[in-house]
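Visitor: work_25.cif is the file, holding mmCIF, C-alpha atoms:
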```cif
data_input
#
loop_
_atom_site.group_PDB
_atom_site.id
_atom_site.type_symbol
_atom_site.label_atom_id
_atom_site.label_comp_id
_atom_site.auth_asym_id
_atom_site.auth_seq_id
_atom_site.Cartn_x
_atom_site.Cartn_y
_atom_site.Cartn_z
ATOM 1 C CA MET A 140 8.819 -22.030 -100.089
ATOM 2 C CA THR A 141 8.074 -23.650 -103.439
ATOM 3 C CA SER A 142 7.810 -26.933 -101.566
ATOM 4 C CA TRP A 143 8.357 -27.287 -97.820
ATOM 5 C CA ILE A 144 9.434 -30.863 -98.358
ATOM 6 C CA GLU A 145 12.660 -29.440 -99.864
ATOM 7 C CA HIS A 146 13.509 -27.343 -96.786
ATOM 8 C CA PRO A 147 16.774 -28.451 -95.092
ATOM 9 C CA LEU A 148 15.007 -28.775 -91.730
ATOM 10 C CA CYS A 149 12.474 -31.149 -93.288
ATOM 11 C CA GLY A 150 15.213 -33.638 -94.224
ATOM 12 C CA PRO A 151 16.650 -36.122 -94.752
ATOM 13 C CA HIS A 152 15.176 -36.035 -98.218
ATOM 14 C CA ASP A 153 16.382 -39.409 -99.476
ATOM 15 C CA THR A 154 14.163 -41.234 -96.952
ATOM 16 C CA MET A 155 11.080 -39.004 -97.202
ATOM 17 C CA PRO A 156 7.954 -41.197 -96.867
ATOM 18 C CA THR A 157 4.768 -40.783 -98.855
ATOM 19 C CA ALA A 158 2.472 -41.435 -95.894
ATOM 20 C CA PHE A 159 2.382 -41.239 -92.097
ATOM 21 C CA TRP A 160 4.132 -44.160 -90.366
ATOM 22 C CA GLY A 161 2.264 -43.955 -87.041
ATOM 23 C CA PRO A 162 0.729 -43.384 -84.696
ATOM 24 C CA GLU A 163 3.408 -44.088 -82.126
ATOM 25 C CA ARG A 164 2.126 -45.463 -78.808
ATOM 26 C CA LEU A 165 3.056 -43.456 -75.729
ATOM 27 C CA ASP A 166 3.633 -44.795 -72.224
ATOM 28 C CA SER A 167 3.009 -41.778 -69.986
ATOM 29 C CA ALA A 168 5.446 -43.046 -67.317
ATOM 30 C CA ALA A 169 8.188 -43.316 -69.960
ATOM 31 C CA PHE A 170 7.440 -39.749 -71.015
ATOM 32 C CA VAL A 171 7.951 -38.555 -67.452
ATOM 33 C CA ASP A 172 11.227 -40.510 -67.286
ATOM 34 C CA LEU A 173 12.491 -38.928 -70.516
ATOM 35 C CA VAL A 174 11.534 -35.405 -69.483
ATOM 36 C CA SER A 175 13.760 -35.781 -66.424
ATOM 37 C CA LEU A 176 16.736 -36.255 -68.792
ATOM 38 C CA LEU A 177 16.077 -33.257 -71.045
ATOM 39 C CA SER A 178 17.232 -29.666 -70.788
ATOM 40 C CA PRO A 179 14.221 -27.732 -72.105
ATOM 41 C CA ASP A 180 15.536 -24.171 -71.672
ATOM 42 C CA VAL A 181 16.352 -23.583 -75.360
ATOM 43 C CA GLU A 182 13.020 -24.976 -76.497
ATOM 44 C CA ILE A 183 11.012 -22.989 -73.955
ATOM 45 C CA ALA A 184 12.861 -19.761 -74.775
ATOM 46 C CA ALA A 185 12.156 -20.190 -78.510
ATOM 47 C CA ILE A 186 8.477 -20.920 -77.867
ATOM 48 C CA LEU A 187 8.132 -17.816 -75.698
ATOM 49 C CA VAL A 188 9.682 -15.691 -78.459
ATOM 50 C CA ALA A 189 7.269 -17.204 -80.996
ATOM 51 C CA LEU A 190 4.377 -16.327 -78.651
ATOM 52 C CA LYS A 191 5.536 -12.770 -77.920
ATOM 53 C CA ASP A 192 2.631 -10.448 -77.045
ATOM 54 C CA ILE A 193 0.170 -13.371 -77.046
ATOM 55 C CA LYS A 194 -2.041 -13.486 -73.947
ATOM 56 C CA GLN A 195 -4.197 -16.539 -74.647
ATOM 57 C CA VAL A 196 -2.774 -19.956 -75.549
ATOM 58 C CA VAL A 197 -4.115 -23.485 -75.959
ATOM 59 C CA ASP A 198 -1.482 -26.202 -75.453
ATOM 60 C CA VAL A 199 -2.741 -29.202 -77.433
ATOM 61 C CA GLY A 200 -1.275 -32.496 -76.217
ATOM 62 C CA GLY A 201 0.479 -30.614 -73.428
ATOM 63 C CA GLY A 202 1.073 -33.720 -71.321
ATOM 64 C CA THR A 203 2.321 -32.958 -67.827
ATOM 65 C CA GLY A 204 2.485 -29.211 -68.450
ATOM 66 C CA LEU A 205 6.272 -28.779 -68.519
ATOM 67 C CA ILE A 206 6.153 -26.148 -71.268
ATOM 68 C CA THR A 207 2.690 -24.931 -70.310
ATOM 69 C CA GLN A 208 3.980 -23.719 -66.939
ATOM 70 C CA ALA A 209 6.483 -21.386 -68.592
ATOM 71 C CA ILE A 210 3.853 -19.954 -70.933
ATOM 72 C CA ALA A 211 1.388 -19.508 -68.056
ATOM 73 C CA LYS A 212 3.709 -16.960 -66.408
ATOM 74 C CA GLY A 213 2.686 -14.456 -69.083
ATOM 75 C CA ALA A 214 -0.532 -15.725 -70.639
ATOM 76 C CA GLU A 215 -3.801 -17.485 -69.918
ATOM 77 C CA VAL A 216 -3.254 -21.138 -70.882
ATOM 78 C CA THR A 217 -5.547 -24.106 -71.414
ATOM 79 C CA LEU A 218 -3.931 -27.545 -71.662
ATOM 80 C CA ILE A 219 -5.722 -30.270 -73.624
ATOM 81 C CA ASP A 220 -4.560 -33.883 -73.451
ATOM 82 C CA PRO A 221 -6.261 -37.292 -73.808
ATOM 83 C CA ASP A 222 -4.192 -39.038 -71.120
ATOM 84 C CA PRO A 223 -5.657 -38.765 -67.591
ATOM 85 C CA ALA A 224 -2.362 -39.936 -66.048
ATOM 86 C CA GLN A 225 -0.516 -37.007 -67.603
ATOM 87 C CA ARG A 226 -3.286 -34.491 -66.912
ATOM 88 C CA ALA A 227 -3.126 -35.479 -63.236
ATOM 89 C CA LEU A 228 0.475 -34.226 -63.087
ATOM 90 C CA VAL A 229 -0.306 -30.725 -64.409
ATOM 91 C CA PRO A 230 0.305 -28.123 -61.677
ATOM 92 C CA GLY A 231 -2.563 -26.117 -60.279
ATOM 93 C CA GLY A 232 -3.484 -22.810 -61.875
ATOM 94 C CA ILE A 233 -3.605 -24.205 -65.423
ATOM 95 C CA VAL A 234 -6.957 -25.027 -66.983
ATOM 96 C CA VAL A 235 -6.916 -28.685 -68.077
ATOM 97 C CA ALA A 236 -9.358 -30.472 -70.398
ATOM 98 C CA ASP A 237 -9.709 -33.895 -71.965
ATOM 99 C CA GLY A 238 -9.395 -33.956 -75.742
ATOM 100 C CA ARG A 239 -7.447 -35.190 -78.752
ATOM 101 C CA ALA A 240 -5.480 -33.084 -81.197
ATOM 102 C CA GLU A 241 -7.634 -34.338 -84.070
ATOM 103 C CA ALA A 242 -10.802 -33.067 -82.391
ATOM 104 C CA VAL A 243 -9.994 -30.141 -80.099
ATOM 105 C CA PRO A 244 -13.086 -29.413 -77.955
ATOM 106 C CA LEU A 245 -13.112 -25.685 -78.716
ATOM 107 C CA PRO A 246 -14.959 -23.491 -81.240
ATOM 108 C CA ASP A 247 -13.373 -21.872 -84.297
ATOM 109 C CA GLN A 248 -10.833 -19.113 -83.500
ATOM 110 C CA ALA A 249 -11.262 -19.815 -79.787
ATOM 111 C CA THR A 250 -7.773 -18.635 -78.847
ATOM 112 C CA GLU A 251 -5.043 -16.246 -79.923
ATOM 113 C CA ALA A 252 -2.503 -19.045 -80.256
ATOM 114 C CA ALA A 253 -2.283 -22.831 -80.258
ATOM 115 C CA ILE A 254 0.811 -24.939 -79.702
ATOM 116 C CA ALA A 255 1.587 -28.642 -80.136
ATOM 117 C CA THR A 256 5.060 -29.767 -79.078
ATOM 118 C CA TRP A 257 6.205 -33.305 -79.948
ATOM 119 C CA VAL A 258 2.579 -34.309 -80.494
ATOM 120 C CA LEU A 259 1.970 -35.092 -84.164
ATOM 121 C CA GLN A 260 3.729 -38.475 -84.159
ATOM 122 C CA TYR A 261 1.200 -39.722 -81.585
ATOM 123 C CA CYS A 262 -1.868 -38.636 -83.567
ATOM 124 C CA ASP A 263 -4.025 -41.066 -85.512
ATOM 125 C CA ASP A 264 -4.318 -38.384 -88.208
ATOM 126 C CA PRO A 265 -1.619 -35.673 -87.972
ATOM 127 C CA ARG A 266 -3.058 -33.758 -90.934
ATOM 128 C CA LYS A 267 -6.364 -33.396 -89.094
ATOM 129 C CA ALA A 268 -4.475 -32.291 -85.967
ATOM 130 C CA ILE A 269 -2.672 -29.575 -87.945
ATOM 131 C CA ASP A 270 -5.979 -28.368 -89.388
ATOM 132 C CA GLU A 271 -7.435 -28.237 -85.873
ATOM 133 C CA LEU A 272 -4.597 -26.006 -84.690
ATOM 134 C CA ALA A 273 -5.273 -23.655 -87.605
ATOM 135 C CA ARG A 274 -9.008 -23.759 -86.883
ATOM 136 C CA ILE A 275 -8.833 -22.723 -83.229
ATOM 137 C CA ALA A 276 -5.964 -20.172 -83.453
ATOM 138 C CA ARG A 277 -6.576 -16.618 -84.621
ATOM 139 C CA HIS A 278 -2.974 -15.419 -84.847
ATOM 140 C CA ARG A 279 -0.257 -17.989 -84.010
ATOM 141 C CA VAL A 280 0.439 -21.690 -84.268
ATOM 142 C CA VAL A 281 3.641 -23.192 -82.837
ATOM 143 C CA ILE A 282 4.664 -26.797 -83.509
ATOM 144 C CA VAL A 283 7.827 -28.629 -82.401
ATOM 145 C CA GLN A 284 8.982 -31.888 -84.003
ATOM 146 C CA ALA A 285 12.332 -33.637 -84.381
ATOM 147 C CA ALA A 286 15.174 -32.161 -86.423
ATOM 148 C CA PRO A 287 17.237 -34.052 -89.014
ATOM 149 C CA GLY A 288 19.860 -36.167 -87.262
ATOM 150 C CA ASN A 289 17.827 -36.465 -84.051
ATOM 151 C CA ASP A 290 19.343 -39.405 -82.157
ATOM 152 C CA LEU A 291 16.074 -40.510 -80.579
ATOM 153 C CA VAL A 292 14.379 -40.751 -83.971
ATOM 154 C CA GLU A 293 17.277 -42.869 -85.213
ATOM 155 C CA LEU A 294 16.780 -45.181 -82.233
ATOM 156 C CA TYR A 295 13.044 -45.254 -82.891
ATOM 157 C CA ASN A 296 13.774 -46.448 -86.417
ATOM 158 C CA ARG A 297 15.895 -49.307 -85.065
ATOM 159 C CA GLU A 298 12.979 -50.268 -82.814
ATOM 160 C CA ALA A 299 10.534 -50.001 -85.708
ATOM 161 C CA ALA A 300 12.707 -52.351 -87.774
ATOM 162 C CA VAL A 301 12.434 -54.949 -84.989
ATOM 163 C CA ALA A 302 8.650 -54.574 -85.095
ATOM 164 C CA GLY A 303 8.564 -54.759 -88.908
ATOM 165 C CA LEU A 304 7.119 -51.237 -89.091
ATOM 166 C CA PRO A 305 8.023 -48.211 -91.267
ATOM 167 C CA ALA A 306 10.630 -45.689 -90.174
ATOM 168 C CA ALA A 307 9.650 -42.345 -88.667
ATOM 169 C CA HIS A 308 10.392 -39.083 -90.477
ATOM 170 C CA HIS A 309 9.537 -35.885 -88.629
ATOM 171 C CA GLY A 310 10.490 -33.775 -91.636
ATOM 172 C CA TRP A 311 7.407 -35.189 -93.336
ATOM 173 C CA LEU A 312 5.284 -33.948 -90.431
ATOM 174 C CA LEU A 313 6.906 -30.507 -90.533
ATOM 175 C CA ALA A 314 6.451 -30.182 -94.302
ATOM 176 C CA GLU A 315 2.797 -31.214 -93.981
ATOM 177 C CA ALA A 316 2.268 -28.699 -91.183
ATOM 178 C CA ALA A 317 3.966 -25.830 -93.020
ATOM 179 C CA THR A 318 2.032 -26.526 -96.214
ATOM 180 C CA ARG A 319 -1.357 -26.774 -94.512
ATOM 181 C CA LEU A 320 -0.808 -23.726 -92.311
ATOM 182 C CA GLU A 321 0.240 -21.626 -95.298
ATOM 183 C CA ALA A 322 -2.949 -22.722 -97.063
ATOM 184 C CA ALA A 323 -4.859 -21.491 -93.991
ATOM 185 C CA GLY A 324 -3.314 -18.022 -94.341
ATOM 186 C CA PHE A 325 -0.326 -18.252 -91.995
ATOM 187 C CA THR A 326 3.247 -17.190 -92.709
ATOM 188 C CA VAL A 327 5.582 -19.982 -91.632
ATOM 189 C CA THR A 328 9.203 -20.084 -90.470
ATOM 190 C CA LEU A 329 11.352 -22.962 -89.158
ATOM 191 C CA GLN A 330 14.294 -22.910 -86.734
ATOM 192 C CA ARG A 331 16.468 -25.650 -85.261
ATOM 193 C CA LEU A 332 16.593 -26.187 -81.493
ATOM 194 C CA ALA A 333 19.492 -27.899 -79.696
ATOM 195 C CA ILE A 334 18.114 -30.241 -77.017
ATOM 196 C CA PRO A 335 20.679 -32.491 -75.269
ATOM 197 C CA VAL A 336 19.718 -35.701 -73.462
ATOM 198 C CA ARG A 337 21.473 -36.572 -70.203
ATOM 199 C CA ALA A 338 22.402 -40.197 -69.512
ATOM 200 C CA PRO A 339 20.255 -41.738 -66.761
ATOM 201 C CA ALA A 340 21.777 -43.282 -63.649
ATOM 202 C CA GLY A 341 21.094 -46.742 -65.075
ATOM 203 C CA GLY A 342 23.062 -46.001 -68.240
ATOM 204 C CA ALA A 343 22.372 -47.305 -71.727
ATOM 205 C CA GLU A 344 19.953 -50.084 -70.785
ATOM 206 C CA GLU A 345 17.761 -47.752 -68.736
ATOM 207 C CA LEU A 346 17.587 -45.229 -71.551
ATOM 208 C CA ALA A 347 16.857 -47.965 -74.118
ATOM 209 C CA ASN A 348 14.017 -49.172 -71.891
ATOM 210 C CA THR A 349 12.576 -45.668 -71.541
ATOM 211 C CA LEU A 350 12.692 -45.000 -75.277
ATOM 212 C CA ALA A 351 11.159 -48.331 -76.248
ATOM 213 C CA ARG A 352 8.242 -47.696 -73.875
ATOM 214 C CA LEU A 353 7.975 -44.106 -75.097
ATOM 215 C CA HIS A 354 7.637 -45.235 -78.711
ATOM 216 C CA PHE A 355 6.022 -48.665 -78.553
ATOM 217 C CA ALA A 356 4.064 -48.935 -75.313
ATOM 218 C CA GLY A 357 2.886 -52.501 -74.738
ATOM 219 C CA HIS A 358 4.475 -53.944 -77.890
ATOM 220 C CA PRO A 359 5.197 -57.698 -77.640
ATOM 221 C CA LYS A 360 8.738 -57.191 -79.007
ATOM 222 C CA LEU A 361 9.691 -54.516 -76.487
ATOM 223 C CA ALA A 362 12.496 -56.620 -74.997
ATOM 224 C CA ASP A 363 13.949 -57.242 -78.470
ATOM 225 C CA MET A 364 13.912 -53.515 -79.178
ATOM 226 C CA ILE A 365 15.766 -52.802 -75.946
ATOM 227 C CA ALA A 366 18.352 -55.476 -76.780
ATOM 228 C CA VAL A 367 19.012 -53.849 -80.172
ATOM 229 C CA THR A 368 19.293 -50.249 -78.994
ATOM 230 C CA THR A 369 21.165 -50.732 -75.700
ATOM 231 C CA PRO A 370 24.587 -51.367 -77.327
ATOM 232 C CA LEU A 371 24.079 -48.476 -79.756
ATOM 233 C CA ILE A 372 23.372 -46.101 -76.880
ATOM 234 C CA GLY A 373 26.223 -47.613 -74.875
ATOM 235 C CA ARG A 374 28.776 -46.951 -77.608
ATOM 236 C CA THR A 375 27.682 -43.314 -77.820
ATOM 237 C CA LEU A 376 27.918 -42.838 -74.074
ATOM 238 C CA ALA A 377 31.272 -44.638 -73.894
ATOM 239 C CA ILE A 378 32.981 -42.129 -76.177
ATOM 240 C CA GLY A 379 31.622 -39.244 -74.130
ATOM 241 C CA SER A 380 29.086 -38.114 -76.680
ATOM 242 C CA GLY A 381 25.659 -37.243 -75.402
ATOM 243 C CA LEU A 382 22.494 -38.054 -77.297
ATOM 244 C CA SER A 383 20.487 -35.263 -78.884
ATOM 245 C CA ASP A 384 16.753 -34.784 -79.094
ATOM 246 C CA ASP A 385 17.166 -31.739 -81.352
ATOM 247 C CA GLY A 386 13.929 -30.221 -82.562
ATOM 248 C CA VAL A 387 12.535 -27.872 -85.170
ATOM 249 C CA LEU A 388 10.260 -25.082 -84.059
ATOM 250 C CA LEU A 389 7.627 -24.185 -86.646
ATOM 251 C CA SER A 390 6.211 -20.700 -86.037
ATOM 252 C CA ALA A 391 3.126 -19.667 -88.007
ATOM 253 C CA ARG A 392 1.646 -16.148 -87.888
ATOM 254 C CA ARG A 393 -1.311 -14.359 -89.435
#
```
Rewrite the structure of this file - the entire thing - as structure tokens.
Guide:
Amino acid sequence: MTSWIEHPLCGPHDTMPTAFWGPERLDSAAFVDLVSLLSPDVEIAAILVALKDIKQVVDVGGGTGLITQAIAKGAEVTLIDPDPAQRALVPGGIVVADGRAEAVPLPDQATEAAIATWVLQYCDDPRKAIDELARIARHRVVIVQAAPGNDLVELYNREAAVAGLPAAHHGWLLAEAATRLEAAGFTVTLQRLAIPVRAPAGGAEELANTLARLHFAGHPKLADMIAVTTPLIGRTLAIGSGLSDDGVLLSARR
């Protein structure tokens, strides 16, 4: 690409920021709640294709190990995450270590492949996190972030407006990742992933609560955010439309 920022999957282009808006603040319990509403099969299948023939993987920011478990069926996997509450939920048989994406506690070229799925928005410095993935991986890097039109990002931006904070733009993260990985000698491709979100038993208000905690853990205006997004979610659910958490899989090879 002449400029990854122009790629359709790095849109929308009319709202492209010039700097990172985050980091977002994660509530690990909210993450667990959201995962229960997702159908990860498409995402997992695409990641496994991107990691074909790879036998050693580091999952950076792997959380509770949802994706790690699928990879571990065919490869040796180490999961690195800074949150002890999430690490405690990782099933046995997977090596788990404390660490942040911006400072992965591994030497250069320590693994065949490194992945980071839905992680960069929670980093203090996503550019440093991308460079760390390139540093530790000999052959593959896989990153997943939100696609243009992702409903949960749109809801995040409504919450951010309540907090007086900038809007999120995952296309900026993807363009930064693609550019930096190419500079490190990788060949990069992007593909869209369809990821539906099921409505929880508690309906719109429950989902609004989960998302606000997922994005703005502990924020003093959390209740205001929930009040703003609940009717938006409710209208979508009322017309029978599900919400989407569509992603973009970035696959980098060298």
Visitor: Enter the distance from CA of Ala286 (chain A) to CA of Ile365 (chain A), in Å, rounded to one decimal.
Guide: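 Going from CA of Ala286 (chain A) over to CA of Ile365 (chain A) covers 23.2 Å.
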Visitor: My list of candidates is A:Ala300, A:Thr369, A:Ala333, A:Arg279. Which is closest to Glu345 (chain A) when distances are computed with all atoms listed in the file?
Guide: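 Ranking A:Ala300, A:Thr369, A:Ala333, A:Arg279 by distance to Glu345 (chain A), first place goes to A:Thr369.
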Visitor: From the options A:Ile186, A:Leu148, A:Val243, A:Leu165, which residue's atoms come nearest to Arg274 (chain A), counting all atoms listed in the file?
Guide: A:Val243
Visitor: So which one's closest to Arg374 (chain A), A:Ala343, A:Ala184, A:Leu350, A:Val283? Using only C-alpha atoms, please.
Guide: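 Looking only at the distances to Arg374 (chain A), the closest residue turns out to be A:Ala343.
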Visitor: Check which residues satisfy the PyMOL selection byres ((chain A and resi 317-328) around 7) in the file shown, then give them as a list in words.
Guide: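 The output of the PyMOL selection byres ((chain A and resi 317-328) around 7) on this file is Trp143, Ala273, Leu313, Ala314, Glu315, Ala316, Leu329, Gln330, Leu389, Ser390, Ala391, Arg392 and Arg393 of chain A.
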Visitor: Determine the nearest neighbour of Ala276 (chain A) from the options A:Ala158, A:Ala209, A:Ala338, A:Val196, counting only C-alpha atoms.
Guide: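 Of A:Ala158, A:Ala209, A:Ala338, A:Val196, the one nearest Ala276 (chain A), counting only C-alpha atoms, is A:Val196.
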Visitor: My list of candidates is A:Ser178, A:Ala366, A:Ile144, A:Val387. Which is closest to Thr157 (chain A) when distances are computed with all atoms listed in the file?
Guide: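 Under the stated criterion, the closest residue is A:Ile144.
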Visitor: Once the PyMOL selection byres ((chain A and resi 187) around 12) has been evaluated on this model, what residues remain selected, and can you format them as a CSV table (one decimal) with C-alpha atoms, in the frame of the given file?
Guide:
```
chain,number,residue,atom,x,y,z
A,180,ASP,CA,15.5,-24.2,-71.7
A,181,VAL,CA,16.4,-23.6,-75.4
A,182,GLU,CA,13.0,-25.0,-76.5
A,183,ILE,CA,11.0,-23.0,-74.0
A,184,ALA,CA,12.9,-19.8,-74.8
A,185,ALA,CA,12.2,-20.2,-78.5
A,186,ILE,CA,8.5,-20.9,-77.9
A,188,VAL,CA,9.7,-15.7,-78.5
A,189,ALA,CA,7.3,-17.2,-81.0
A,190,LEU,CA,4.4,-16.3,-78.7
A,191,LYS,CA,5.5,-12.8,-77.9
A,192,ASP,CA,2.6,-10.4,-77.0
A,193,ILE,CA,0.2,-13.4,-77.0
A,194,LYS,CA,-2.0,-13.5,-73.9
A,196,VAL,CA,-2.8,-20.0,-75.5
A,206,ILE,CA,6.2,-26.1,-71.3
A,207,THR,CA,2.7,-24.9,-70.3
A,208,GLN,CA,4.0,-23.7,-66.9
A,209,ALA,CA,6.5,-21.4,-68.6
A,210,ILE,CA,3.9,-20.0,-70.9
A,211,ALA,CA,1.4,-19.5,-68.1
A,212,LYS,CA,3.7,-17.0,-66.4
A,213,GLY,CA,2.7,-14.5,-69.1
A,214,ALA,CA,-0.5,-15.7,-70.6
A,252,ALA,CA,-2.5,-19.0,-80.3
A,254,ILE,CA,0.8,-24.9,-79.7
A,279,ARG,CA,-0.3,-18.0,-84.0
A,281,VAL,CA,3.6,-23.2,-82.8
A,388,LEU,CA,10.3,-25.1,-84.1
A,390,SER,CA,6.2,-20.7,-86.0
```
Visitor: Run the PyMOL selection byres ((chain A and resi 246) around 12) mentally over the shown coordinates, then write out the matched residues as a PDB file with C-alpha atoms, in the coordinates of the input, using the chain letters and numbers from the document.
Guide:
```pdb
ATOM      1  CA  ALA A 242     -10.802 -33.067 -82.391  1.00  0.00           C
ATOM      2  CA  VAL A 243      -9.994 -30.141 -80.099  1.00  0.00           C
ATOM      3  CA  PRO A 244     -13.086 -29.413 -77.955  1.00  0.00           C
ATOM      4  CA  LEU A 245     -13.112 -25.685 -78.716  1.00  0.00           C
ATOM      5  CA  ASP A 247     -13.373 -21.872 -84.297  1.00  0.00           C
ATOM      6  CA  GLN A 248     -10.833 -19.113 -83.500  1.00  0.00           C
ATOM      7  CA  ALA A 249     -11.262 -19.815 -79.787  1.00  0.00           C
ATOM      8  CA  THR A 250      -7.773 -18.635 -78.847  1.00  0.00           C
ATOM      9  CA  GLU A 271      -7.435 -28.237 -85.873  1.00  0.00           C
ATOM     10  CA  LEU A 272      -4.597 -26.006 -84.690  1.00  0.00           C
ATOM     11  CA  ALA A 273      -5.273 -23.655 -87.605  1.00  0.00           C
ATOM     12  CA  ARG A 274      -9.008 -23.759 -86.883  1.00  0.00           C
ATOM     13  CA  ILE A 275      -8.833 -22.723 -83.229  1.00  0.00           C
ATOM     14  CA  ALA A 276      -5.964 -20.172 -83.453  1.00  0.00           C
ATOM     15  CA  ARG A 277      -6.576 -16.618 -84.621  1.00  0.00           C
TER      16      ARG A 277
END
```
Visitor: A:Asn296, A:Gln284, A:Asn348, A:Ser167: which is nearest Asp384 (chain A), counting only C-alpha atoms?
Guide: A:Gln284
Visitor: Let me have the centre and edge lengths of the axis-aligned box enclosing all listed atoms of region 256-274 of chain A with 8 Å padding on every side, in Å to one decimal, as lines of an AutoDock Vina configuration file.
Guide:
```
center_x = -1.4
center_y = -32.4
center_z = -85.0
size_x = 31.2
size_y = 33.4
size_z = 27.9
```
Visitor: To one decimal place in Å, what is the distance between CA of Met364 (chain A) and CA of Trp257 (chain A)?
Guide: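 Separating CA of Met364 (chain A) from CA of Trp257 (chain A) is a distance of 21.6 Å.
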Visitor: Set the distance at 8 Å and use only C-alpha atoms: which residues neighbour Leu176 (chain A) once local chain neighbours fewer than 4 positions away are removed? I'd like the list as number ranges by chain.
Guide: A: 172, 336-339
Visitor: What gap, in Å, lies between CA of Lys360 (chain A) and CA of Leu312 (chain A)?
Guide: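 These two atoms are separated by 26.1 Å.
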Visitor: Within 9 Å of Gly357 (chain A), counting all atoms listed in the file, which residues qualify if same-chain residues fewer than 3 places away don't, as a ChimeraX atom specification?
Guide: /A:164,166,352,360-361
Visitor: With C-alpha atoms kept, could you save the residues just selected as a short mmCIF file (atom, residue, chain, number, x, y, z; two decimals), in the frame of the given file?
Guide:
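Result went into again_18.cif, see below:
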```cif
data_model
loop_
_atom_site.label_atom_id
_atom_site.label_comp_id
_atom_site.auth_asym_id
_atom_site.auth_seq_id
_atom_site.Cartn_x
_atom_site.Cartn_y
_atom_site.Cartn_z
CA ARG A 164 2.13 -45.46 -78.81
CA ASP A 166 3.63 -44.80 -72.22
CA ARG A 352 8.24 -47.70 -73.88
CA LYS A 360 8.74 -57.19 -79.01
CA LEU A 361 9.69 -54.52 -76.49
#
```
Visitor: Within 6 Å of (25.3, -35.1, -74.7), all atoms listed in the file: residues as a PyMOL selection string?
Guide: chain A and resi 335-336+380-382
Visitor: Write the residues of the selection above to a file with C-alpha atoms, as a PDB file, in the coordinates of the input.
Guide:
```pdb
ATOM      1  CA  PRO A 335      20.679 -32.491 -75.269  1.00  0.00           C
ATOM      2  CA  VAL A 336      19.718 -35.701 -73.462  1.00  0.00           C
ATOM      3  CA  SER A 380      29.086 -38.114 -76.680  1.00  0.00           C
ATOM      4  CA  GLY A 381      25.659 -37.243 -75.402  1.00  0.00           C
ATOM      5  CA  LEU A 382      22.494 -38.054 -77.297  1.00  0.00           C
TER       6      LEU A 382
END
```
